[in-house]
file entry_11.cif (mmCIF, C-alpha atoms (C1' of nucleotides))
data_structure
loop_
_atom_site.label_atom_id
_atom_site.label_comp_id
_atom_site.auth_asym_id
_atom_site.auth_seq_id
_atom_site.Cartn_x
_atom_site.Cartn_y
_atom_site.Cartn_z
CA MET Z 18 92.28 -33.10 50.46
CA SER Z 19 95.33 -34.79 49.04
CA LEU Z 20 95.24 -38.06 47.15
CA HIS Z 21 97.25 -41.00 48.41
CA PRO Z 22 100.54 -40.99 46.45
CA LEU Z 23 100.02 -44.53 45.20
CA ARG Z 24 96.51 -43.72 44.09
CA LYS Z 25 97.77 -40.61 42.36
CA GLN Z 26 100.33 -42.64 40.42
CA ILE Z 27 97.84 -45.33 39.44
CA GLU Z 28 95.25 -42.80 38.37
CA GLU Z 29 97.66 -41.18 35.98
CA ILE Z 30 97.08 -44.37 33.99
CA VAL Z 31 93.72 -45.87 35.05
CA LYS Z 32 90.89 -44.36 37.11
CA LEU Z 33 89.86 -46.14 40.31
CA THR Z 34 86.84 -45.89 42.56
CA ASP Z 35 87.41 -45.40 46.29
CA ASP Z 36 86.49 -49.02 46.89
CA GLU Z 37 88.87 -50.24 44.25
CA PHE Z 38 91.75 -48.29 45.73
CA THR Z 39 90.96 -49.56 49.19
CA PHE Z 40 91.04 -53.05 47.73
CA VAL Z 41 94.37 -52.36 46.08
CA LEU Z 42 95.87 -51.06 49.31
CA GLU Z 43 94.89 -54.23 51.14
CA HIS Z 44 97.51 -56.07 49.12
CA PHE Z 45 100.32 -53.87 50.41
CA HIS Z 46 101.98 -53.62 53.80
CA LYS Z 47 103.18 -50.34 55.19
CA LYS Z 48 106.68 -50.39 56.63
CA VAL Z 49 109.12 -47.84 57.98
CA TYR Z 50 112.85 -48.47 57.72
CA LYS Z 51 115.61 -46.62 59.50
CA LYS Z 52 118.37 -44.71 57.79
CA HIS Z 53 121.14 -47.12 56.74
CA GLN Z 54 118.88 -50.11 57.16
CA ILE Z 55 119.42 -52.82 54.58
CA VAL Z 56 116.14 -54.11 53.17
CA LEU Z 57 117.60 -56.60 50.71
CA HIS Z 58 120.93 -58.37 51.26
CA GLU Z 59 122.94 -59.74 48.37
CA GLY Z 60 122.23 -63.45 48.10
CA ASP Z 61 118.76 -63.21 49.59
CA TYR Z 62 115.54 -63.52 47.63
CA ALA Z 63 113.78 -60.21 46.96
CA GLN Z 64 110.47 -60.81 48.72
CA PHE Z 65 109.02 -57.37 48.06
CA ASP Z 66 108.49 -54.70 45.49
CA PHE Z 67 108.60 -51.39 47.37
CA PHE Z 68 106.61 -48.29 46.57
CA VAL Z 69 108.38 -45.40 48.31
CA ILE Z 70 106.01 -43.08 50.16
CA LYS Z 71 108.66 -41.00 51.92
CA GLY Z 72 112.42 -41.26 52.07
CA LEU Z 73 115.14 -42.54 49.81
CA MET Z 74 116.35 -46.01 48.91
CA ARG Z 75 119.37 -47.13 46.96
CA VAL Z 76 120.03 -50.23 44.84
CA THR Z 77 123.68 -51.24 44.60
CA ARG Z 78 125.86 -53.95 43.17
CA LEU Z 79 129.32 -55.04 44.29
CA ASP Z 80 131.62 -55.82 41.36
CA SER Z 81 134.30 -58.48 41.24
CA GLU Z 82 136.84 -56.03 42.68
CA GLY Z 83 134.62 -55.14 45.61
CA LYS Z 84 133.63 -51.77 44.26
CA GLU Z 85 130.08 -50.61 44.82
CA HIS Z 86 127.95 -49.33 41.94
CA ILE Z 87 124.61 -47.59 42.28
CA LEU Z 88 122.03 -48.93 39.87
CA GLN Z 89 119.08 -46.92 41.10
CA PHE Z 90 117.91 -44.33 43.59
CA GLY Z 91 114.33 -44.68 44.78
CA MET Z 92 112.79 -41.43 45.92
CA GLU Z 93 109.14 -40.74 46.73
CA ASN Z 94 106.75 -42.41 44.25
CA SER Z 95 109.45 -44.74 42.91
CA TRP Z 96 109.25 -48.50 42.83
CA VAL Z 97 112.28 -50.36 44.12
CA THR Z 98 113.23 -54.02 44.01
CA ASP Z 99 115.61 -56.41 42.32
CA GLY Z 100 113.35 -57.38 39.45
CA GLU Z 101 115.26 -60.49 38.55
CA SER Z 102 115.29 -61.89 42.06
CA TYR Z 103 111.70 -60.84 42.73
CA HIS Z 104 110.17 -62.22 39.56
CA HIS Z 105 112.38 -65.25 39.00
CA LYS Z 106 112.79 -66.10 42.69
CA THR Z 107 116.56 -66.24 42.40
CA ALA Z 108 119.30 -65.13 44.78
CA SER Z 109 119.80 -61.40 44.48
CA LEU Z 110 123.04 -59.94 43.19
CA LEU Z 111 121.93 -56.55 44.44
CA THR Z 112 121.68 -54.84 47.79
CA ILE Z 113 118.97 -52.36 48.71
CA ASP Z 114 119.38 -49.97 51.59
CA CYS Z 115 117.91 -46.71 52.86
CA LEU Z 116 119.76 -43.42 52.63
CA GLU Z 117 117.12 -41.77 54.80
CA GLU Z 118 114.40 -43.01 57.10
CA THR Z 119 112.05 -44.49 54.53
CA GLU Z 120 108.35 -45.31 54.56
CA VAL Z 121 107.21 -47.79 51.93
CA LEU Z 122 104.31 -49.92 50.82
CA SER Z 123 105.62 -53.40 50.19
CA LEU Z 124 104.05 -55.88 47.80
CA THR Z 125 104.86 -59.57 47.66
CA LEU Z 126 104.88 -61.31 44.30
CA GLU Z 127 101.97 -63.45 45.51
CA ASN Z 128 99.91 -60.39 46.28
CA LYS Z 129 100.88 -58.71 43.03
CA GLU Z 130 99.68 -61.71 41.07
CA LYS Z 131 96.51 -61.93 43.11
CA LEU Z 132 95.90 -58.25 42.53
CA ILE Z 133 96.28 -58.34 38.78
CA LYS Z 134 93.98 -61.33 38.56
CA GLU Z 135 91.33 -59.71 40.72
CA LEU Z 136 91.52 -56.23 39.27
CA GLN Z 137 92.14 -55.97 35.55
CA LYS Z 138 92.88 -52.26 35.81
CA MET Z 139 95.94 -52.99 37.90
CA GLN Z 140 97.33 -55.19 35.19
CA ILE Z 141 97.00 -52.33 32.74
CA PHE Z 142 98.64 -50.00 35.24
CA LEU Z 143 101.55 -52.37 35.83
CA LEU Z 144 102.08 -52.95 32.12
CA LYS Z 145 102.18 -49.23 31.35
CA LYS Z 146 104.35 -48.51 34.37
CA THR Z 147 106.82 -51.19 33.31
CA ILE Z 148 106.86 -49.82 29.76
CA ASN Z 149 107.63 -46.36 31.10
CA GLU Z 150 110.45 -47.68 33.25
CA HIS Z 151 111.78 -49.47 30.18
CA ILE Z 152 111.92 -46.15 28.32
CA VAL Z 153 113.81 -44.57 31.21
CA LEU Z 154 116.39 -47.36 31.24
CA GLN Z 155 116.90 -47.07 27.48
CA LYS Z 156 117.60 -43.39 27.89
CA ARG Z 157 120.15 -44.13 30.58
CA ILE Z 158 121.88 -46.57 28.24
CA LEU Z 159 121.88 -43.99 25.45
CA CYS Z 160 123.41 -41.58 27.92
CA PHE Z 161 126.27 -44.00 28.57
CA LEU Z 162 126.72 -44.58 24.85
CA SER Z 163 126.78 -41.01 23.67
CA ASN Z 164 127.93 -38.84 26.59
CA ASN Z 165 131.11 -38.44 28.58
CA ALA Z 166 131.10 -38.09 32.36
CA ASN Z 167 130.60 -34.34 32.22
CA ASP Z 168 127.54 -34.58 30.01
CA ARG Z 169 126.09 -37.41 32.07
CA TYR Z 170 126.49 -35.29 35.18
CA HIS Z 171 124.71 -32.33 33.65
CA ASN Z 172 122.04 -34.66 32.39
CA ILE Z 173 121.25 -35.92 35.87
CA LEU Z 174 121.50 -32.37 37.22
CA SER Z 175 118.67 -31.34 34.94
CA LEU Z 176 116.65 -34.56 35.29
CA SER Z 177 116.85 -34.91 39.08
CA PRO Z 178 118.01 -31.64 40.62
CA SER Z 179 116.42 -32.60 43.94
CA LEU Z 180 118.40 -35.83 44.11
CA ILE Z 181 121.67 -33.90 44.06
CA GLN Z 182 120.58 -32.09 47.21
CA ARG Z 183 119.84 -35.30 49.05
CA VAL Z 184 122.80 -37.58 48.35
CA PRO Z 185 126.58 -37.08 48.55
CA LYS Z 186 128.33 -36.44 45.29
CA SER Z 187 130.29 -39.64 45.68
CA MET Z 188 127.02 -41.52 45.20
CA ILE Z 189 126.11 -39.46 42.17
CA ALA Z 190 129.53 -40.41 40.82
CA SER Z 191 128.82 -44.07 41.46
CA TYR Z 192 125.46 -43.78 39.70
CA LEU Z 193 127.15 -42.13 36.72
CA GLY Z 194 129.90 -44.73 36.54
CA VAL Z 195 132.85 -42.51 37.43
CA THR Z 196 135.00 -42.03 40.51
CA ARG Z 197 134.21 -39.30 43.00
CA GLU Z 198 137.49 -37.60 42.11
CA THR Z 199 136.51 -37.38 38.48
CA LEU Z 200 133.10 -35.97 39.35
CA SER Z 201 134.68 -33.44 41.66
CA ARG Z 202 136.83 -32.21 38.79
CA LEU Z 203 133.89 -32.00 36.41
CA SER Z 204 132.13 -29.40 38.50
CA LYS Z 205 134.93 -27.09 37.41
CA SER Z 206 135.04 -27.76 33.71
CA LYS Z 207 131.32 -27.10 33.78
CA LEU Z 208 131.97 -23.54 34.95
CA LYS Z 209 134.24 -22.90 32.00
CA MET Z 210 131.39 -23.37 29.57
CA MET M 3 106.19 -80.01 12.97
CA SER M 4 107.73 -76.82 14.18
CA LEU M 5 105.87 -74.22 16.19
CA HIS M 6 105.53 -70.70 14.85
CA PRO M 7 108.31 -68.65 16.48
CA LEU M 8 105.88 -66.11 17.90
CA ARG M 9 103.72 -68.86 19.32
CA LYS M 10 106.77 -70.50 20.82
CA GLN M 11 107.74 -67.27 22.56
CA ILE M 12 104.25 -66.62 23.87
CA GLU M 13 103.85 -70.17 25.10
CA GLU M 14 106.96 -69.91 27.19
CA ILE M 15 104.75 -67.68 29.33
CA VAL M 16 101.09 -68.57 28.66
CA LYS M 17 99.58 -71.53 26.83
CA LEU M 18 97.38 -70.87 23.80
CA THR M 19 94.92 -72.95 21.84
CA ASP M 20 95.28 -73.11 18.07
CA ASP M 21 92.31 -70.80 17.69
CA GLU M 22 93.71 -68.31 20.12
CA PHE M 23 97.02 -68.18 18.31
CA THR M 24 95.28 -67.74 14.96
CA PHE M 25 93.37 -64.88 16.54
CA VAL M 26 96.59 -63.35 17.85
CA LEU M 27 98.23 -63.58 14.44
CA GLU M 28 95.36 -61.70 12.82
CA HIS M 29 96.51 -58.59 14.66
CA PHE M 30 99.93 -58.69 13.01
CA HIS M 31 101.06 -57.98 9.48
CA LYS M 32 103.86 -59.89 7.86
CA LYS M 33 106.46 -57.76 6.09
CA VAL M 34 109.79 -58.34 4.44
CA TYR M 35 112.38 -55.58 4.35
CA LYS M 36 115.49 -55.44 2.24
CA LYS M 37 119.00 -55.25 3.60
CA HIS M 38 119.84 -51.61 4.46
CA GLN M 39 116.21 -50.60 4.37
CA ILE M 40 115.24 -48.04 7.00
CA VAL M 41 112.01 -48.97 8.74
CA LEU M 42 111.88 -46.02 11.14
CA HIS M 43 113.38 -42.63 10.33
CA GLU M 44 114.42 -40.22 13.08
CA GLY M 45 111.63 -37.70 13.52
CA ASP M 46 108.88 -40.04 12.37
CA TYR M 47 106.37 -41.69 14.65
CA ALA M 48 107.04 -45.37 15.37
CA GLN M 49 103.90 -46.95 13.96
CA PHE M 50 104.90 -50.54 14.65
CA ASP M 51 106.36 -52.90 17.15
CA PHE M 52 108.26 -55.52 15.15
CA PHE M 53 108.67 -59.18 16.03
CA VAL M 54 111.64 -60.45 14.04
CA ILE M 55 111.00 -63.77 12.33
CA LYS M 56 114.18 -63.87 10.26
CA GLY M 57 116.99 -61.39 9.76
CA LEU M 58 118.58 -58.66 11.78
CA MET M 59 117.52 -55.13 12.68
CA ARG M 60 119.42 -52.36 14.37
CA VAL M 61 118.25 -49.44 16.51
CA THR M 62 120.53 -46.41 16.45
CA ARG M 63 120.74 -42.87 17.75
CA LEU M 64 122.72 -39.96 16.35
CA ASP M 65 124.33 -37.85 19.07
CA SER M 66 124.85 -34.10 19.03
CA GLU M 67 128.19 -34.54 17.27
CA GLY M 68 126.70 -36.67 14.51
CA LYS M 69 128.11 -39.93 15.84
CA GLU M 70 125.95 -43.01 15.60
CA HIS M 71 125.34 -45.24 18.61
CA ILE M 72 123.72 -48.65 18.53
CA LEU M 73 121.10 -49.09 21.22
CA GLN M 74 119.89 -52.52 20.21
CA PHE M 75 120.29 -55.36 17.75
CA GLY M 76 117.14 -57.28 16.93
CA MET M 77 117.77 -60.84 15.83
CA GLU M 78 115.25 -63.64 15.37
CA ASN M 79 112.58 -63.68 18.12
CA SER M 80 113.43 -60.16 19.27
CA TRP M 81 110.99 -57.28 19.52
CA VAL M 82 112.13 -54.01 18.00
CA THR M 83 110.66 -50.52 18.13
CA ASP M 84 111.24 -47.11 19.66
CA GLY M 85 109.16 -47.63 22.78
CA GLU M 86 108.86 -43.98 23.61
CA SER M 87 107.69 -42.96 20.15
CA TYR M 88 105.43 -45.99 19.81
CA HIS M 89 103.69 -45.72 23.16
CA HIS M 90 103.66 -41.96 23.61
CA LYS M 91 103.09 -41.15 19.92
CA THR M 92 106.02 -38.75 19.85
CA ALA M 93 108.61 -38.04 17.18
CA SER M 94 111.31 -40.69 17.29
CA LEU M 95 114.89 -39.85 18.23
CA LEU M 96 115.95 -43.25 16.96
CA THR M 97 116.47 -44.85 13.58
CA ILE M 98 115.74 -48.50 12.85
CA ASP M 99 117.24 -50.25 9.85
CA CYS M 100 117.92 -53.76 8.62
CA LEU M 101 121.40 -55.24 8.56
CA GLU M 102 120.11 -58.22 6.59
CA GLU M 103 116.98 -58.95 4.62
CA THR M 104 114.48 -59.13 7.45
CA GLU M 105 111.07 -60.72 7.82
CA VAL M 106 108.91 -59.36 10.62
CA LEU M 107 105.46 -59.41 12.07
CA SER M 108 104.43 -55.83 12.71
CA LEU M 109 101.91 -54.74 15.32
CA THR M 110 100.34 -51.30 15.51
CA LEU M 111 99.60 -49.80 18.92
CA GLU M 112 95.91 -49.91 18.09
CA ASN M 113 96.06 -53.62 17.40
CA LYS M 114 98.16 -54.27 20.47
CA GLU M 115 95.58 -52.56 22.64
CA LYS M 116 92.75 -54.38 20.93
CA LEU M 117 94.55 -57.64 21.44
CA ILE M 118 95.17 -57.23 25.15
CA LYS M 119 91.56 -56.23 25.68
CA GLU M 120 90.25 -59.20 23.74
CA LEU M 121 92.65 -61.81 25.03
CA GLN M 122 93.66 -61.52 28.67
CA LYS M 123 96.46 -64.03 28.21
CA MET M 124 98.23 -61.66 25.86
CA GLN M 125 98.26 -58.98 28.49
CA ILE M 126 99.97 -61.38 30.85
CA PHE M 127 102.43 -62.30 28.14
CA LEU M 128 103.24 -58.68 27.36
CA LEU M 129 103.65 -57.77 31.01
CA LYS M 130 106.07 -60.63 31.64
CA LYS M 131 107.93 -59.99 28.41
CA THR M 132 108.34 -56.33 29.32
CA ILE M 133 109.55 -57.28 32.80
CA ASN M 134 112.12 -59.60 31.28
CA GLU M 135 113.34 -56.91 28.91
CA HIS M 136 113.61 -54.59 31.89
CA ILE M 137 115.90 -57.06 33.63
CA VAL M 138 118.07 -57.27 30.51
CA LEU M 139 118.41 -53.50 30.32
CA GLN M 140 119.35 -53.28 33.99
CA LYS M 141 122.09 -55.80 33.39
CA ARG M 142 123.41 -53.75 30.50
CA ILE M 143 123.51 -50.68 32.74
CA LEU M 144 125.34 -52.64 35.43
CA CYS M 145 127.77 -53.72 32.75
CA PHE M 146 128.50 -50.08 31.91
CA LEU M 147 128.85 -49.24 35.59
CA SER M 148 131.19 -51.98 36.63
CA ASN M 149 133.13 -53.09 33.57
CA ASN M 150 135.70 -51.58 31.27
CA ALA M 151 135.53 -51.97 27.49
CA ASN M 152 137.43 -55.25 27.56
CA ASP M 153 135.07 -56.85 30.06
CA ARG M 154 132.02 -55.54 28.23
CA TYR M 155 133.33 -57.08 25.04
CA HIS M 156 133.86 -60.47 26.63
CA ASN M 157 130.46 -60.18 28.20
CA ILE M 158 128.74 -59.78 24.84
CA LEU M 159 130.97 -62.48 23.37
CA SER M 160 129.56 -64.95 25.85
CA LEU M 161 125.99 -63.62 25.81
CA SER M 162 125.58 -63.34 22.02
CA PRO M 163 128.32 -65.28 20.27
CA SER M 164 126.18 -65.57 17.15
CA LEU M 165 125.76 -61.81 16.88
CA ILE M 166 129.52 -61.38 16.57
CA GLN M 167 129.45 -63.57 13.46
CA ARG M 168 126.74 -61.50 11.82
CA VAL M 169 127.77 -57.88 12.29
CA PRO M 170 131.02 -56.00 11.71
CA LYS M 171 133.10 -55.39 14.80
CA SER M 172 132.71 -51.66 14.34
CA MET M 173 129.03 -52.12 15.19
CA ILE M 174 129.85 -54.20 18.23
CA ALA M 175 132.10 -51.34 19.28
CA SER M 176 129.26 -48.88 18.84
CA TYR M 177 126.95 -51.09 20.89
CA LEU M 178 129.56 -51.27 23.64
CA GLY M 179 130.18 -47.53 23.64
CA VAL M 180 133.78 -47.54 22.41
CA THR M 181 135.49 -46.73 19.13
CA ARG M 182 136.30 -49.48 16.66
CA GLU M 183 140.01 -48.78 17.18
CA THR M 184 139.69 -49.43 20.89
CA LEU M 185 137.76 -52.64 20.32
CA SER M 186 140.35 -53.78 17.82
CA ARG M 187 143.07 -53.36 20.42
CA LEU M 188 141.08 -55.24 23.05
CA SER M 189 141.09 -58.44 21.05
CA LYS M 190 144.79 -58.55 21.84
CA SER M 191 144.79 -57.87 25.55
CA LYS M 192 142.21 -60.64 25.73
CA LEU M 193 144.72 -63.15 24.43
CA LYS M 194 147.18 -62.27 27.15
CA MET M 195 144.83 -63.60 29.79
"C1'" DT B 12 138.42 -63.55 -10.84
"C1'" DC B 13 139.62 -58.96 -10.33
"C1'" DA B 14 138.88 -54.27 -8.94
"C1'" DA B 15 136.51 -51.49 -5.80
"C1'" DA B 16 134.60 -50.82 -1.50
"C1'" DT B 17 134.40 -51.88 3.21
"C1'" DT B 18 136.31 -53.36 7.45
"C1'" DT B 19 140.03 -54.11 10.52
"C1'" DT B 20 144.43 -53.24 12.32
"C1'" DT B 21 148.24 -50.36 13.69
"C1'" DG B 22 151.08 -46.25 15.07
"C1'" DA B 23 151.65 -41.80 17.22
"C1'" DC B 24 149.80 -38.84 19.99
"C1'" DA B 25 145.89 -36.28 22.72
"C1'" DT B 26 142.45 -36.38 26.16
"C1'" DA B 27 139.61 -38.44 29.73
"C1'" DT B 28 139.37 -40.92 33.62
"C1'" DG B 29 141.39 -43.75 37.51
"C1'" DT B 30 144.46 -44.25 41.56
"C1'" DC B 31 146.61 -42.92 45.59
"C1'" DC B 32 147.53 -39.49 48.50
"C1'" DT B 33 146.94 -35.37 51.61
"C1'" DC B 34 144.41 -31.69 53.42
"C1'" DT B 35 140.32 -29.16 54.73
"C1'" DT B 36 135.68 -28.78 55.80
"C1'" DA B 37 131.19 -30.49 56.94
"C1'" DA B 38 128.20 -33.79 59.14
"C1'" DT B 39 127.08 -37.23 62.61
"C1'" DT B 40 126.75 -39.19 66.90
"C1'" DG B 41 127.54 -40.31 71.73
"C1'" DC P 8 129.85 -29.98 72.82
"C1'" DA P 9 133.63 -32.85 71.64
"C1'" DA P 10 135.12 -36.60 69.15
"C1'" DT P 11 134.78 -39.07 65.27
"C1'" DT P 12 133.53 -39.94 60.71
"C1'" DA P 13 132.29 -38.71 56.13
"C1'" DA P 14 132.65 -35.64 52.20
"C1'" DG P 15 134.87 -32.69 49.02
"C1'" DA P 16 138.86 -30.74 46.78
"C1'" DG P 17 143.24 -31.03 44.77
"C1'" DG P 18 148.08 -32.70 43.24
"C1'" DA P 19 150.90 -36.10 40.85
"C1'" DC P 20 151.03 -39.64 38.15
"C1'" DA P 21 149.17 -44.15 35.71
"C1'" DT P 22 146.05 -46.22 32.62
"C1'" DA P 23 142.25 -46.37 29.38
"C1'" DT P 24 140.19 -44.65 25.62
"C1'" DG P 25 139.74 -41.31 21.65
"C1'" DT P 26 141.51 -39.13 17.35
"C1'" DC P 27 143.59 -38.98 13.06
"C1'" DA P 28 146.18 -40.97 9.44
"C1'" DA P 29 147.61 -44.84 6.92
"C1'" DA P 30 148.30 -49.69 5.81
"C1'" DA P 31 146.54 -54.35 5.67
"C1'" DA P 32 142.90 -57.58 5.35
"C1'" DT P 33 138.42 -58.87 3.98
"C1'" DT P 34 134.17 -58.65 1.50
"C1'" DT P 35 131.41 -57.41 -2.38
"C1'" DG P 36 129.89 -57.03 -6.90
"C1'" DA P 37 130.61 -56.62 -11.86
#
call {"tool": "encode", "arguments": {"input": "entry_11.cif", "output": "structure tokens"}}
result
Amino acid sequence: MSLHPLRKQIEEIVKLTDDEFTFVLEHFHKKVYKKHQIVLHEGDYAQFDFFVIKGLMRVTRLDSEGKEHILQFGMENSWVTDGESYHHKTASLLTIDCLEETEVLSLTLENKEKLIKELQKMQIFLLKKTINEHIVLQKRILCFLSNNANDRYHNILSLSPSLIQRVPKSMIASYLGVTRETLSRLSKSKLKM
Amino acid sequence: MSLHPLRKQIEEIVKLTDDEFTFVLEHFHKKVYKKHQIVLHEGDYAQFDFFVIKGLMRVTRLDSEGKEHILQFGMENSWVTDGESYHHKTASLLTIDCLEETEVLSLTLENKEKLIKELQKMQIFLLKKTINEHIVLQKRILCFLSNNANDRYHNILSLSPSLIQRVPKSMIASYLGVTRETLSRLSKSKLKM
DNA sequence: TCAAATTTTTGACATATGTCCTCTTAATTG
DNA sequence: CAATTAAGAGGACATATGTCAAAAATTTGA
């Protein structure tokens, strides 16, 4: 019998009883979005934090020249939102859409705050989860600081090999901060090594 | 009468009584480090999370070619540590040193965990603080994705004008991910605009 | 205050990456 | 299945950034 993916993630940090997990789940809403569906438009307020059960989401930002940059991919077991808009209730600068049909559990800020008040364990979980995400972001910054495009590409190849199978290389390029042409040429120089 | 800087930061998120703040402070140790002193060596375990009262710290990483990259500056009211080493008790890949004589309050992981168990408000503070730091890191990543060196430089100029006064430009260059020569040339192209 | 050390600037050139374009192939959809 | 769209590769050239060496400016310390 397989554990619910959300429960599995929570229990990597704090153990829950069946009743507690049922209680947790009551704060979420299950939703299914279609491929290409936009779940957060730039300028809107991010109402939800999404836990991805199945599928693939993408968080993007348009720059001043109209170019799109990918800040994050959200695969199974990832959490996806615009943190600034969600927590500070401001207009979002980001867009979130689905690259595949995507099933999520959505959590409003209200329900998140209710949940952490009612169940102390969830506050511990959220703190540790946020700390772990912080570590991941720091590593991504270090990757920008100390690696060229080729190294960043190989880095993501080894960190998320499955992602490369699921999204076009032009999106990987956007995530890495290079053009698709540059990425296309890197695949060669890699072979030389 | 001026509020203790740590208390001020905490109370931007949760209110504390005098007794509560005294209790919080008991979990910290005050330390003063000399200019150039290294407070975390690469390979060591990060024993402390530092809250900077006065002075300036720097978090760096050596890449595979021996080049140094600056991940973070920690001025007054900043928190500085290697999160991965501190929370996962692993050997640090980072080095932390002081660019000025620096006075800090240091917090061991043990004391942090004691504190959040004993005082629920501190858990809320730490969660919100971590969320805010997360937002800052995401913005830095977006800055790498969508801006060239010139724009990144002007970005930090407007975000942290005081930092520019306190550290050599070569360190700003390292923080921005460019060479000092490139940064030096940018200061010109800026004037053209 | 002066000499030494550090930091910044500059030049000449090399390399990495971006831009615009075309062509081919693969994927999607009606 | 056919028609359309999207993705990937590649050429030719432009621009941004890095490298190395040296000079100029600034800071530091005796």
call {"tool": "atom_distance", "arguments": {"input": "entry_11.cif", "atom1": "CA of Phe68 (chain Z)", "atom2": "CA of Glu93 (chain Z)"}}
result
8.0 Å
call {"tool": "closest_atom_pairs", "arguments": {"input": "entry_11.cif", "of": "chain Z", "to": "chain M", "cutoff": "6 Å", "atoms": "only C-alpha atoms", "output": "CSV"}}
result
residue,atom,partner,partner_atom,distance
Z:Leu144,CA,M:Leu129,CA,5.2
Z:His151,CA,M:His136,CA,5.7
Z:Leu162,CA,M:Gly179,CA,4.7
Z:Gly194,CA,M:Leu147,CA,4.7
call {"tool": "resolve_selection", "arguments": {"input": "entry_11.cif", "expression": "the PyMOL selection byres ((chain B) within 9 of (chain Z))", "output": "PyMOL selection string"}}
result
chain B and resi 27-29
call {"tool": "interface_residues", "arguments": {"input": "entry_11.cif", "of": "chain Z", "to": "chain P", "cutoff": "9 Å", "atoms": "only C-alpha atoms (C1' of nucleotides)", "output": "list in words"}}
result
Pro185, Lys186, Ser187, Arg197, Glu198, Ser201 and Arg202 of chain Z
call {"tool": "atom_distance", "arguments": {"input": "entry_11.cif", "atom1": "CA of Leu42 (chain Z)", "atom2": "CA of Tyr103 (chain Z)"}}
result
19.7 Å
call {"tool": "residues_around", "arguments": {"input": "entry_11.cif", "residues": "region 99-105 of chain M", "least_positions_apart": "5", "cutoff": "7 Å", "atoms": "only C-alpha atoms (C1' of nucleotides)", "output": "ChimeraX atom specification"}}
result
/M:33-42,54-61
call {"tool": "resolve_selection", "arguments": {"input": "entry_11.cif", "expression": "the PyMOL selection byres ((chain M and resi 11) around 12)", "output": "short mmCIF file (atom, residue, chain, number, x, y, z; two decimals) with C-alpha atoms, in the frame of the given file"}}
result
data_model
loop_
_atom_site.label_atom_id
_atom_site.label_comp_id
_atom_site.auth_asym_id
_atom_site.auth_seq_id
_atom_site.Cartn_x
_atom_site.Cartn_y
_atom_site.Cartn_z
CA LEU M 5 105.87 -74.22 16.19
CA HIS M 6 105.53 -70.70 14.85
CA PRO M 7 108.31 -68.65 16.48
CA LEU M 8 105.88 -66.11 17.90
CA ARG M 9 103.72 -68.86 19.32
CA LYS M 10 106.77 -70.50 20.82
CA ILE M 12 104.25 -66.62 23.87
CA GLU M 13 103.85 -70.17 25.10
CA GLU M 14 106.96 -69.91 27.19
CA ILE M 15 104.75 -67.68 29.33
CA VAL M 16 101.09 -68.57 28.66
CA LYS M 17 99.58 -71.53 26.83
CA LEU M 18 97.38 -70.87 23.80
CA PHE M 23 97.02 -68.18 18.31
CA PHE M 53 108.67 -59.18 16.03
CA VAL M 54 111.64 -60.45 14.04
CA ILE M 55 111.00 -63.77 12.33
CA GLU M 78 115.25 -63.64 15.37
CA ASN M 79 112.58 -63.68 18.12
CA SER M 80 113.43 -60.16 19.27
CA TRP M 81 110.99 -57.28 19.52
CA MET M 124 98.23 -61.66 25.86
CA PHE M 127 102.43 -62.30 28.14
CA LEU M 128 103.24 -58.68 27.36
CA LYS M 130 106.07 -60.63 31.64
CA LYS M 131 107.93 -59.99 28.41
#
call {"tool": "resolve_selection", "arguments": {"input": "entry_11.cif", "expression": "the PyMOL selection byres ((chain M and resi 28) around 12)", "output": "list in words"}}
result
Asp21, Glu22, Phe23, Thr24, Phe25, Val26, Leu27, His29, Phe30, His31, Lys32, Leu107, Ser108, Leu109, Thr110, Asn113, Lys114, Lys116 and Leu117 of chain M
call {"tool": "atom_distance", "arguments": {"input": "entry_11.cif", "atom1": "CA of Thr19 (chain M)", "atom2": "CA of Phe52 (chain M)"}}
result
22.9 Å
call {"tool": "decode", "arguments": {"input": "entry_11.cif", "residues": "region 73-88 of chain Z", "atoms": "C-alpha atoms", "output": "short mmCIF file (atom, residue, chain, number, x, y, z; two decimals), in the first residue's frame"}}
result
data_model
loop_
_atom_site.label_atom_id
_atom_site.label_comp_id
_atom_site.auth_asym_id
_atom_site.auth_seq_id
_atom_site.Cartn_x
_atom_site.Cartn_y
_atom_site.Cartn_z
CA LEU Z 73 4.67 19.50 -14.49
CA MET Z 74 4.35 23.21 -13.81
CA ARG Z 75 6.57 26.08 -14.80
CA VAL Z 76 7.22 29.48 -13.18
CA THR Z 77 8.30 32.20 -15.59
CA ARG Z 78 9.10 35.88 -15.66
CA LEU Z 79 8.94 38.28 -18.59
CA ASP Z 80 11.86 40.72 -18.64
CA SER Z 81 11.77 44.32 -19.79
CA GLU Z 82 12.55 43.23 -23.36
CA GLY Z 83 9.70 40.74 -23.43
CA LYS Z 84 11.92 37.71 -23.08
CA GLU Z 85 10.68 34.84 -20.97
CA HIS Z 86 12.86 33.32 -18.23
CA ILE Z 87 12.12 30.12 -16.37
CA LEU Z 88 12.62 30.48 -12.64
#
